[in-house]
$ cat query_14.txt   # compact mmCIF, C-alpha atoms
# COMPACT_ATOMS: atom_id res chain seq x y z
CA MET Q 8 144.69 65.49 184.60
CA GLU Q 9 145.13 63.69 181.37
CA ALA Q 10 141.42 64.00 180.59
CA LYS Q 11 141.58 67.72 181.25
CA MET Q 12 144.40 68.14 178.71
CA ILE Q 13 142.44 66.29 176.03
CA PHE Q 14 139.42 68.55 176.63
CA MET Q 15 141.52 71.70 176.26
CA VAL Q 16 143.14 70.56 173.00
CA THR Q 17 139.78 69.60 171.53
CA SER Q 18 138.30 72.96 172.43
CA LEU Q 19 141.22 74.77 170.90
CA VAL Q 20 140.86 72.85 167.60
CA VAL Q 21 137.15 73.66 167.43
CA LEU Q 22 137.81 77.33 168.13
CA LEU Q 23 140.42 77.58 165.41
CA SER Q 24 138.17 75.87 162.88
CA SER Q 25 135.34 78.25 163.62
CA SER Q 26 137.47 81.41 163.23
CA SER Q 27 138.92 80.13 159.94
CA THR Q 28 135.46 79.60 158.52
CA ASN Q 29 134.22 83.01 159.54
CA GLY Q 30 137.26 84.84 158.07
CA LYS Q 31 137.11 83.23 154.61
CA SER Q 32 137.13 85.84 151.77
CA PRO Q 33 134.19 85.85 149.34
CA PRO Q 34 134.78 84.28 145.91
CA SER Q 35 135.99 86.63 143.14
CA PRO Q 36 133.40 87.60 140.49
CA VAL Q 37 133.49 85.81 137.12
CA LEU Q 38 134.41 88.24 134.32
CA PRO Q 39 132.56 87.89 130.96
CA LEU Q 40 134.60 86.64 128.02
CA THR Q 41 135.34 89.23 125.29
CA SER Q 42 135.35 88.12 121.61
CA VAL Q 43 138.61 88.79 119.74
CA PRO Q 44 138.15 89.40 115.98
CA ALA Q 45 139.81 86.87 113.77
CA PRO Q 46 142.68 88.18 111.66
CA ALA Q 47 141.83 89.05 108.08
CA PRO Q 48 142.76 86.35 105.63
CA ALA Q 49 145.88 87.05 103.63
CA PRO Q 50 145.23 87.94 99.99
CA ASP Q 51 145.66 85.16 97.51
CA TYR Q 52 149.04 84.96 95.92
CA VAL Q 53 148.81 85.88 92.21
CA ASN Q 54 151.44 84.44 89.94
CA LEU Q 55 151.71 87.09 87.21
CA THR Q 56 153.57 84.80 84.82
CA ASP Q 57 150.84 82.18 84.95
CA LEU Q 58 148.12 84.84 84.72
CA LEU Q 59 149.54 86.49 81.60
CA THR Q 60 150.23 83.12 80.00
CA VAL Q 61 146.67 81.85 80.40
CA ALA Q 62 144.60 85.05 80.27
CA GLY Q 63 145.17 86.13 76.68
CA PRO Q 64 147.52 86.81 73.79
CA PHE Q 65 150.13 88.59 75.92
CA SER Q 66 153.22 86.55 75.08
CA LYS Q 67 155.19 89.47 73.62
CA PHE Q 68 154.59 91.69 76.63
CA LEU Q 69 155.43 88.82 78.97
CA SER Q 70 158.65 88.27 77.01
CA LEU Q 71 159.51 91.95 77.54
CA LEU Q 72 158.88 91.62 81.29
CA GLU Q 73 161.00 88.50 81.59
CA SER Q 74 163.92 89.76 79.48
CA THR Q 75 164.20 92.92 81.61
CA ASN Q 76 163.46 91.13 84.93
CA VAL Q 77 160.59 93.56 85.48
CA ILE Q 78 158.32 90.56 86.08
CA LYS Q 79 160.04 90.14 89.47
CA THR Q 80 159.55 93.83 90.29
CA PHE Q 81 155.87 93.56 89.46
CA GLN Q 82 155.54 90.34 91.46
CA ASP Q 83 157.12 91.84 94.56
CA GLN Q 84 154.87 94.91 94.31
CA ALA Q 85 151.82 92.71 93.95
CA ASN Q 86 152.34 90.38 96.89
CA ASN Q 87 154.77 92.08 99.26
CA THR Q 88 153.22 95.54 99.63
CA GLU Q 89 149.96 96.92 100.99
CA GLN Q 90 149.41 99.17 97.96
CA GLY Q 91 149.24 96.40 95.37
CA ILE Q 92 149.73 96.99 91.64
CA THR Q 93 147.90 97.93 88.43
CA ILE Q 94 149.30 96.70 85.11
CA PHE Q 95 148.30 97.73 81.58
CA VAL Q 96 148.93 94.85 79.20
CA PRO Q 97 149.09 95.35 75.39
CA LYS Q 98 147.94 92.51 73.16
CA ASP Q 99 150.38 90.77 70.83
CA SER Q 100 148.74 92.51 67.86
CA ALA Q 101 149.70 95.88 69.41
CA PHE Q 102 153.37 94.96 69.11
CA SER Q 103 152.91 93.58 65.58
CA SER Q 104 151.22 96.75 64.31
CA LEU Q 105 153.86 99.03 65.85
CA LYS Q 106 156.01 100.31 62.95
CA LYS Q 107 157.38 103.62 64.19
CA PRO Q 108 159.13 104.10 66.47
CA SER Q 109 160.90 100.75 66.48
CA LEU Q 110 161.61 98.95 69.75
CA SER Q 111 164.52 96.95 68.34
CA ASN Q 112 166.98 99.84 68.72
CA LEU Q 113 166.31 100.40 72.43
CA THR Q 114 169.00 99.75 75.02
CA GLN Q 115 168.39 97.28 77.83
CA ASP Q 116 167.77 100.13 80.29
CA GLN Q 117 165.27 101.72 77.91
CA LYS Q 118 163.44 98.42 77.50
CA LYS Q 119 163.26 98.09 81.28
CA SER Q 120 161.83 101.61 81.60
CA LEU Q 121 159.34 100.80 78.82
CA ALA Q 122 158.16 97.71 80.72
CA LEU Q 123 157.89 99.59 84.05
CA PHE Q 124 155.96 102.33 82.25
CA HIS Q 125 153.03 99.88 81.99
CA GLY Q 126 152.63 99.58 85.78
CA LEU Q 127 151.26 101.70 88.63
CA SER Q 128 152.36 101.06 92.23
CA GLN Q 129 148.77 101.03 93.48
CA TYR Q 130 145.76 98.79 93.04
CA TYR Q 131 143.01 100.62 91.09
CA THR Q 132 139.55 99.43 90.19
CA LEU Q 133 137.92 100.61 86.99
CA ALA Q 134 135.77 103.01 88.98
CA ALA Q 135 138.90 104.61 90.46
CA PHE Q 136 140.03 105.89 87.06
CA THR Q 137 137.60 108.78 87.47
CA ASN Q 138 139.77 110.11 90.31
CA LEU Q 139 142.93 109.46 88.32
CA SER Q 140 141.62 111.66 85.52
CA GLN Q 141 141.39 114.53 88.00
CA SER Q 142 144.96 114.03 89.27
CA SER Q 143 146.72 113.48 85.93
CA PRO Q 144 149.52 113.15 85.05
CA VAL Q 145 150.16 110.03 87.14
CA THR Q 146 153.69 108.75 87.70
CA THR Q 147 154.23 105.14 86.66
CA MET Q 148 156.59 102.59 88.20
CA ALA Q 149 159.29 103.82 85.79
CA GLY Q 150 159.39 106.99 87.94
CA GLY Q 151 160.54 110.49 87.09
CA GLN Q 152 159.09 111.88 83.90
CA PHE Q 153 157.43 108.58 82.95
CA THR Q 154 153.85 109.74 83.44
CA LEU Q 155 150.45 108.86 82.02
CA ASN Q 156 147.39 111.05 81.52
CA PHE Q 157 143.98 109.56 82.26
CA THR Q 158 140.60 110.67 80.99
CA ASP Q 159 137.27 109.16 81.96
CA ILE Q 160 134.52 109.42 79.34
CA SER Q 161 131.21 107.81 80.31
CA GLY Q 162 132.98 105.12 82.31
CA THR Q 163 135.65 104.37 79.67
CA ALA Q 164 139.24 104.93 80.81
CA LEU Q 165 141.42 106.61 78.17
CA LEU Q 166 145.21 106.69 78.47
CA SER Q 167 147.66 109.05 76.79
CA SER Q 168 151.44 108.92 76.90
CA GLY Q 169 152.18 111.62 74.33
CA TRP Q 170 152.99 109.04 71.67
CA THR Q 171 150.09 106.71 72.42
CA ASP Q 172 146.37 107.30 72.81
CA THR Q 173 144.47 104.18 73.78
CA LYS Q 174 141.79 102.89 76.14
CA VAL Q 175 141.21 100.09 78.62
CA SER Q 176 139.40 97.56 76.47
CA SER Q 177 138.84 94.84 79.08
CA SER Q 178 139.60 93.74 82.63
CA VAL Q 179 141.86 90.68 82.76
CA HIS Q 180 142.08 90.44 86.57
CA SER Q 181 140.82 92.83 89.23
CA THR Q 182 141.05 91.47 92.76
CA ASN Q 183 142.94 93.32 95.46
CA PRO Q 184 145.94 93.62 95.40
CA VAL Q 185 146.37 92.92 91.65
CA ALA Q 186 144.62 94.65 88.75
CA VAL Q 187 145.49 93.76 85.15
CA TYR Q 188 143.80 95.65 82.29
CA GLN Q 189 144.11 95.05 78.56
CA VAL Q 190 144.98 97.99 76.28
CA ASP Q 191 144.99 98.10 72.48
CA LYS Q 192 148.36 99.81 72.00
CA VAL Q 193 151.89 99.73 73.43
CA LEU Q 194 152.39 102.68 75.78
CA LEU Q 195 155.32 104.71 74.44
CA PRO Q 196 156.79 107.29 76.85
CA GLU Q 197 158.07 110.66 75.67
CA ALA Q 198 160.97 110.25 78.12
CA ILE Q 199 162.39 107.64 75.72
CA PHE Q 200 161.08 108.58 72.28
CA GLY Q 201 160.90 112.36 72.63
CA VAL Q 202 157.97 114.54 71.66
CA ALA Q 203 155.64 112.80 69.26
CA PRO Q 204 155.47 114.34 65.77
CA PRO Q 205 152.21 116.13 64.95
CA GLN Q 206 149.68 114.06 63.12
CA ALA Q 207 149.15 114.99 59.46
CA PRO Q 208 145.69 116.40 58.76
CA ALA Q 209 143.34 114.20 56.85
CA PRO Q 210 143.19 115.03 53.11
CA ALA Q 211 140.18 117.00 51.96
CA PRO Q 212 137.63 114.92 50.05
CA THR Q 213 137.84 115.24 46.28
CA PRO Q 214 134.61 116.65 44.79
CA ASP Q 215 132.83 114.45 42.30
CA ILE Q 216 132.97 116.14 38.88
CA ALA Q 217 130.89 114.65 36.09
CA PRO Q 218 132.79 114.23 32.81
CA VAL Q 219 131.90 116.81 30.18
CA ALA Q 220 130.68 115.28 26.94
CA ASP Q 221 132.44 116.33 23.75
CA ALA Q 222 129.75 118.33 22.00
CA SER Q 223 131.65 118.38 18.71
CA SER Q 224 131.96 114.59 18.46
CA THR Q 225 129.09 113.12 20.45
CA PRO Q 226 125.52 114.11 19.72
CA THR Q 227 123.40 115.02 22.69
CA LYS Q 228 120.96 112.38 23.80
CA GLY Q 229 117.59 113.02 22.28
CA THR Q 230 118.95 115.14 19.44
CA SER Q 231 117.57 114.10 16.12
CA PRO Q 232 119.90 113.72 13.12
CA LYS Q 233 117.62 116.19 11.41
CA SER Q 234 119.20 118.97 13.46
CA SER Q 235 122.53 118.46 11.71
CA THR Q 236 120.81 118.37 8.31
CA SER Q 237 118.88 121.50 9.16
CA SER Q 238 122.10 123.30 10.14
CA SER Q 239 123.77 122.33 6.85
CA SER Q 240 120.71 123.51 4.89
CA SER Q 241 120.66 126.85 6.73
CA SER Q 242 124.37 127.33 6.05
CA SER Q 243 123.93 126.66 2.32
CA HIS Q 244 121.00 129.04 2.19
CA PHE Q 245 123.08 131.70 3.94
CA HIS Q 246 125.94 131.45 1.45
CA HIS Q 247 123.52 131.41 -1.50
CA HIS Q 248 121.74 134.52 -0.25
CA HIS Q 249 124.95 136.45 0.24
CA SER Q 250 126.26 135.38 -3.12
CA GLN Q 251 123.16 136.87 -4.70
CA LEU Q 252 123.75 140.09 -2.82
CA CYS Q 253 127.30 140.12 -4.02
CA LEU Q 254 126.17 139.73 -7.63
CA GLN Q 255 123.74 142.59 -7.26
CA ALA Q 256 126.35 144.78 -5.66
CA GLN Q 257 128.89 143.90 -8.32
CA HIS Q 258 126.44 144.78 -11.06
CA LEU Q 259 125.85 148.21 -9.63
CA HIS Q 260 129.28 148.93 -8.21
CA PRO Q 261 131.88 146.22 -8.82
CA HIS Q 262 133.94 145.33 -5.77
CA PRO Q 263 137.67 145.17 -6.42
CA LEU Q 264 137.88 141.70 -4.85
CA CYS Q 265 135.02 140.28 -6.84
CA SER Q 266 135.92 138.50 -10.01
CA SER Q 267 133.65 139.00 -13.06
CA SER Q 268 135.37 136.38 -15.13
CA SER Q 269 134.08 133.45 -13.15
CA SER Q 270 131.39 131.43 -14.81
CA SER Q 271 129.73 130.39 -11.57
CA PRO Q 272 127.60 132.97 -9.82
CA TYR Q 273 128.53 131.50 -6.44
CA SER Q 274 132.26 131.86 -7.05
CA SER Q 275 132.15 135.31 -8.63
CA CYS Q 276 133.08 137.01 -5.37
CA GLN Q 277 136.21 135.91 -3.52
CA THR Q 278 135.54 137.97 -0.43
CA SER Q 279 133.86 136.74 2.70
CA PRO Q 280 130.10 137.15 3.07
CA HIS Q 281 130.66 139.84 5.72
CA LEU Q 282 132.79 141.92 3.35
CA ARG Q 283 130.25 141.51 0.60
CA ILE Q 284 127.42 142.67 2.82
CA GLN Q 285 129.51 145.57 4.04
CA HIS Q 286 130.23 146.59 0.43
CA TYR Q 287 126.59 146.20 -0.46
CA HIS Q 288 125.36 148.39 2.38
CA SER Q 289 127.95 151.03 1.58
CA LEU Q 290 126.36 151.59 -1.83
$ encode --input "query_14.txt" --output "structure tokens"
Amino acid sequence: MEAKMIFMVTSLVVLLSSSSTNGKSPPSPVLPLTSVPAPAPAPDYVNLTDLLTVAGPFSKFLSLLESTNVIKTFQDQANNTEQGITIFVPKDSAFSSLKKPSLSNLTQDQKKSLALFHGLSQYYTLAAFTNLSQSSPVTTMAGGQFTLNFTDISGTALLSSGWTDTKVSSSVHSTNPVAVYQVDKVLLPEAIFGVAPPQAPAPAPTPDIAPVADASSTPTKGTSPKSSTSSSSSSSHFHHHHSQLCLQAQHLHPHPLCSSSSSSPYSSCQTSPHLRIQHYHSL
């Protein structure tokens, strides 16, 4: 009896093992791994203060940015926005050569607007100025009526603010998101200084006039002294000839102005040679 029970339990275990093996689900398929693109590296942080200090003679413009706290506005636009920034930086000599209008009389708000007027709230390469010339005027970071006009001539970017006409003379830094370009003049907005006075026309060139020689005092080059002697001889001969005519006329018909008491034949007639000849021909 006991042996029979063992046989039945063993059979049951074998049966259960067999059914478990046959009912096992097939393994799940292995899915291929998909590549995930790596995130784009963050743009390098550009310290504008260090850049303008090292890059060139921009100390006066940097002083304007710092005194108006616009340097912080530019820095935030450069590194905390997707658009980036474009800055036009005048050289120190541009401030030194600026006589009129004067910047010393500007209020603090006007100085801040002047500094913001040199920035665009977008990163632009030099090649992009061609498109800017077609969409001028372009509003600067000063906003409102603080606009710039761009013109592209054979790849050279020209800027006009009404008061200022200048060009981009060199690229100081141009890596997204920061572009810094050097300009030769301070950009003066009409929104602060009003309409620029018209430029005076250039004076007409003075014609070269050769000095006229004094013919009465200076003999002409190449003229022989004999010419003067010849003229004096001809004059004496003229007076002598007319005196003779006068004597003949006086002998035939005395002229009332001719004196017969004179001992010299050349002084016998006090009239002019023309009167003497006229009297002679009237006989």
$ atom_distance --input "query_14.txt" --atom1 "atom CA of Ser128 of chain Q" --atom2 "atom CA of Phe68 of chain Q"
18.3 Å
$ residues_near_point --input "query_14.txt" --point "(143.7, 114.6, 81.2)" --cutoff "12 Å" --atoms "only C-alpha atoms" --output "list in words"
Phe136, Thr137, Asn138, Leu139, Ser140, Gln141, Ser142, Ser143, Pro144, Val145, Thr154, Leu155, Asn156, Phe157, Thr158, Asp159, Ile160, Ala164, Leu165, Leu166, Ser167, Ser168, Gly169 and Asp172 of chain Q
$ residues_near_point --input "query_14.txt" --point "(151.2, 96.8, 85.2)" --cutoff "8 Å" --atoms "only C-alpha atoms" --output "MDAnalysis selection string"
chainID Q and resid 81 92:96 123:127 186:187
$ write_last_selection --input "query_14.txt" --atoms "C-alpha atoms" --output "PDB file, in the frame of the given file"
ATOM      1  CA  PHE Q  81     155.870  93.560  89.460  1.00  0.00           C
ATOM      2  CA  ILE Q  92     149.730  96.990  91.640  1.00  0.00           C
ATOM      3  CA  THR Q  93     147.900  97.930  88.430  1.00  0.00           C
ATOM      4  CA  ILE Q  94     149.300  96.700  85.110  1.00  0.00           C
ATOM      5  CA  PHE Q  95     148.300  97.730  81.580  1.00  0.00           C
ATOM      6  CA  VAL Q  96     148.930  94.850  79.200  1.00  0.00           C
ATOM      7  CA  LEU Q 123     157.890  99.590  84.050  1.00  0.00           C
ATOM      8  CA  PHE Q 124     155.960 102.330  82.250  1.00  0.00           C
ATOM      9  CA  HIS Q 125     153.030  99.880  81.990  1.00  0.00           C
ATOM     10  CA  GLY Q 126     152.630  99.580  85.780  1.00  0.00           C
ATOM     11  CA  LEU Q 127     151.260 101.700  88.630  1.00  0.00           C
ATOM     12  CA  ALA Q 186     144.620  94.650  88.750  1.00  0.00           C
ATOM     13  CA  VAL Q 187     145.490  93.760  85.150  1.00  0.00           C
TER      14      VAL Q 187
END
$ atom_distance --input "query_14.txt" --atom1 "atom CA of Phe153 of chain Q" --atom2 "atom CA of Lys107 of chain Q"
19.4 Å
$ closest_residue --input "query_14.txt" --among "Q:Leu71, Q:Ala198, Q:Ala85, Q:Ile78" --to "Gly151 of chain Q" --atoms "all atoms listed in the file"
Q:Ala198
$ closest_residue --input "query_14.txt" --among "Q:Thr88, Q:Thr80, Q:Ser66, Q:Thr75" --to "Ser103 of chain Q" --atoms "all atoms listed in the file"
Q:Ser66
$ atom_distance --input "query_14.txt" --atom1 "atom CA of Leu113 of chain Q" --atom2 "atom CA of Val190 of chain Q"
21.8 Å
$ residues_around --input "query_14.txt" --residues "Gly201 of chain Q" --least-positions-apart "4" --cutoff "10 Å" --atoms "all atoms listed in the file" --output "list in words"
Gly169, Trp170, Leu195, Pro196 and Glu197 of chain Q
$ closest_residue --input "query_14.txt" --among "Q:Ser100, Q:Ser181, Q:Asn54, Q:Asn76" --to "Tyr131 of chain Q" --atoms "all atoms listed in the file"
Q:Ser181
$ residues_around --input "query_14.txt" --residues "Asp191 of chain Q" --least-positions-apart "3" --cutoff "8 Å" --atoms "only C-alpha atoms" --output "PDB file with C-alpha atoms, in the coordinates of the input"
ATOM      1  CA  PRO Q  97     149.090  95.350  75.390  1.00  0.00           C
ATOM      2  CA  LYS Q  98     147.940  92.510  73.160  1.00  0.00           C
ATOM      3  CA  ALA Q 101     149.700  95.880  69.410  1.00  0.00           C
ATOM      4  CA  THR Q 173     144.470 104.180  73.780  1.00  0.00           C
ATOM      5  CA  LYS Q 174     141.790 102.890  76.140  1.00  0.00           C
ATOM      6  CA  VAL Q 175     141.210 100.090  78.620  1.00  0.00           C
ATOM      7  CA  SER Q 176     139.400  97.560  76.470  1.00  0.00           C
TER       8      SER Q 176
END
$ build_atoms --input "query_14.txt" --residues "segment 71-84 of chain Q" --atoms "N, CA, C and O atoms" --output "PDB file, in the frame of the given file"
ATOM      1  N   LEU Q  71     158.843  90.692  77.180  1.00  0.00           N
ATOM      2  CA  LEU Q  71     159.510  91.950  77.540  1.00  0.00           C
ATOM      3  C   LEU Q  71     159.737  92.017  79.052  1.00  0.00           C
ATOM      4  O   LEU Q  71     160.817  92.422  79.515  1.00  0.00           O
ATOM      5  N   LEU Q  72     158.748  91.605  79.830  1.00  0.00           N
ATOM      6  CA  LEU Q  72     158.880  91.620  81.290  1.00  0.00           C
ATOM      7  C   LEU Q  72     159.975  90.669  81.772  1.00  0.00           C
ATOM      8  O   LEU Q  72     160.748  90.993  82.678  1.00  0.00           O
ATOM      9  N   GLU Q  73     160.024  89.504  81.158  1.00  0.00           N
ATOM     10  CA  GLU Q  73     161.000  88.500  81.590  1.00  0.00           C
ATOM     11  C   GLU Q  73     162.423  88.874  81.161  1.00  0.00           C
ATOM     12  O   GLU Q  73     163.379  88.679  81.917  1.00  0.00           O
ATOM     13  N   SER Q  74     162.573  89.419  79.960  1.00  0.00           N
ATOM     14  CA  SER Q  74     163.920  89.760  79.480  1.00  0.00           C
ATOM     15  C   SER Q  74     164.532  90.916  80.246  1.00  0.00           C
ATOM     16  O   SER Q  74     165.748  91.065  80.302  1.00  0.00           O
ATOM     17  N   THR Q  75     163.703  91.771  80.843  1.00  0.00           N
ATOM     18  CA  THR Q  75     164.200  92.920  81.610  1.00  0.00           C
ATOM     19  C   THR Q  75     164.134  92.675  83.118  1.00  0.00           C
ATOM     20  O   THR Q  75     164.502  93.550  83.906  1.00  0.00           O
ATOM     21  N   ASN Q  76     163.626  91.493  83.521  1.00  0.00           N
ATOM     22  CA  ASN Q  76     163.460  91.130  84.930  1.00  0.00           C
ATOM     23  C   ASN Q  76     162.443  92.017  85.650  1.00  0.00           C
ATOM     24  O   ASN Q  76     162.402  92.056  86.888  1.00  0.00           O
ATOM     25  N   VAL Q  77     161.633  92.722  84.882  1.00  0.00           N
ATOM     26  CA  VAL Q  77     160.590  93.560  85.480  1.00  0.00           C
ATOM     27  C   VAL Q  77     159.474  92.685  86.044  1.00  0.00           C
ATOM     28  O   VAL Q  77     158.753  93.112  86.956  1.00  0.00           O
ATOM     29  N   ILE Q  78     159.343  91.457  85.557  1.00  0.00           N
ATOM     30  CA  ILE Q  78     158.320  90.560  86.080  1.00  0.00           C
ATOM     31  C   ILE Q  78     158.518  90.337  87.581  1.00  0.00           C
ATOM     32  O   ILE Q  78     157.548  90.251  88.344  1.00  0.00           O
ATOM     33  N   LYS Q  79     159.765  90.292  88.037  1.00  0.00           N
ATOM     34  CA  LYS Q  79     160.040  90.140  89.470  1.00  0.00           C
ATOM     35  C   LYS Q  79     159.660  91.398  90.244  1.00  0.00           C
ATOM     36  O   LYS Q  79     159.113  91.325  91.354  1.00  0.00           O
ATOM     37  N   THR Q  80     159.939  92.567  89.650  1.00  0.00           N
ATOM     38  CA  THR Q  80     159.550  93.830  90.290  1.00  0.00           C
ATOM     39  C   THR Q  80     158.041  93.917  90.444  1.00  0.00           C
ATOM     40  O   THR Q  80     157.531  94.309  91.511  1.00  0.00           O
ATOM     41  N   PHE Q  81     157.331  93.554  89.399  1.00  0.00           N
ATOM     42  CA  PHE Q  81     155.870  93.560  89.460  1.00  0.00           C
ATOM     43  C   PHE Q  81     155.362  92.547  90.485  1.00  0.00           C
ATOM     44  O   PHE Q  81     154.398  92.819  91.221  1.00  0.00           O
ATOM     45  N   GLN Q  82     155.988  91.381  90.540  1.00  0.00           N
ATOM     46  CA  GLN Q  82     155.540  90.340  91.460  1.00  0.00           C
ATOM     47  C   GLN Q  82     155.747  90.756  92.903  1.00  0.00           C
ATOM     48  O   GLN Q  82     154.864  90.534  93.754  1.00  0.00           O
ATOM     49  N   ASP Q  83     156.867  91.368  93.197  1.00  0.00           N
ATOM     50  CA  ASP Q  83     157.120  91.840  94.560  1.00  0.00           C
ATOM     51  C   ASP Q  83     156.121  92.937  94.947  1.00  0.00           C
ATOM     52  O   ASP Q  83     155.630  92.976  96.086  1.00  0.00           O
ATOM     53  N   GLN Q  84     155.823  93.847  94.020  1.00  0.00           N
ATOM     54  CA  GLN Q  84     154.870  94.910  94.310  1.00  0.00           C
ATOM     55  C   GLN Q  84     153.472  94.352  94.543  1.00  0.00           C
ATOM     56  O   GLN Q  84     152.718  94.856  95.385  1.00  0.00           O
TER      57      GLN Q  84
END
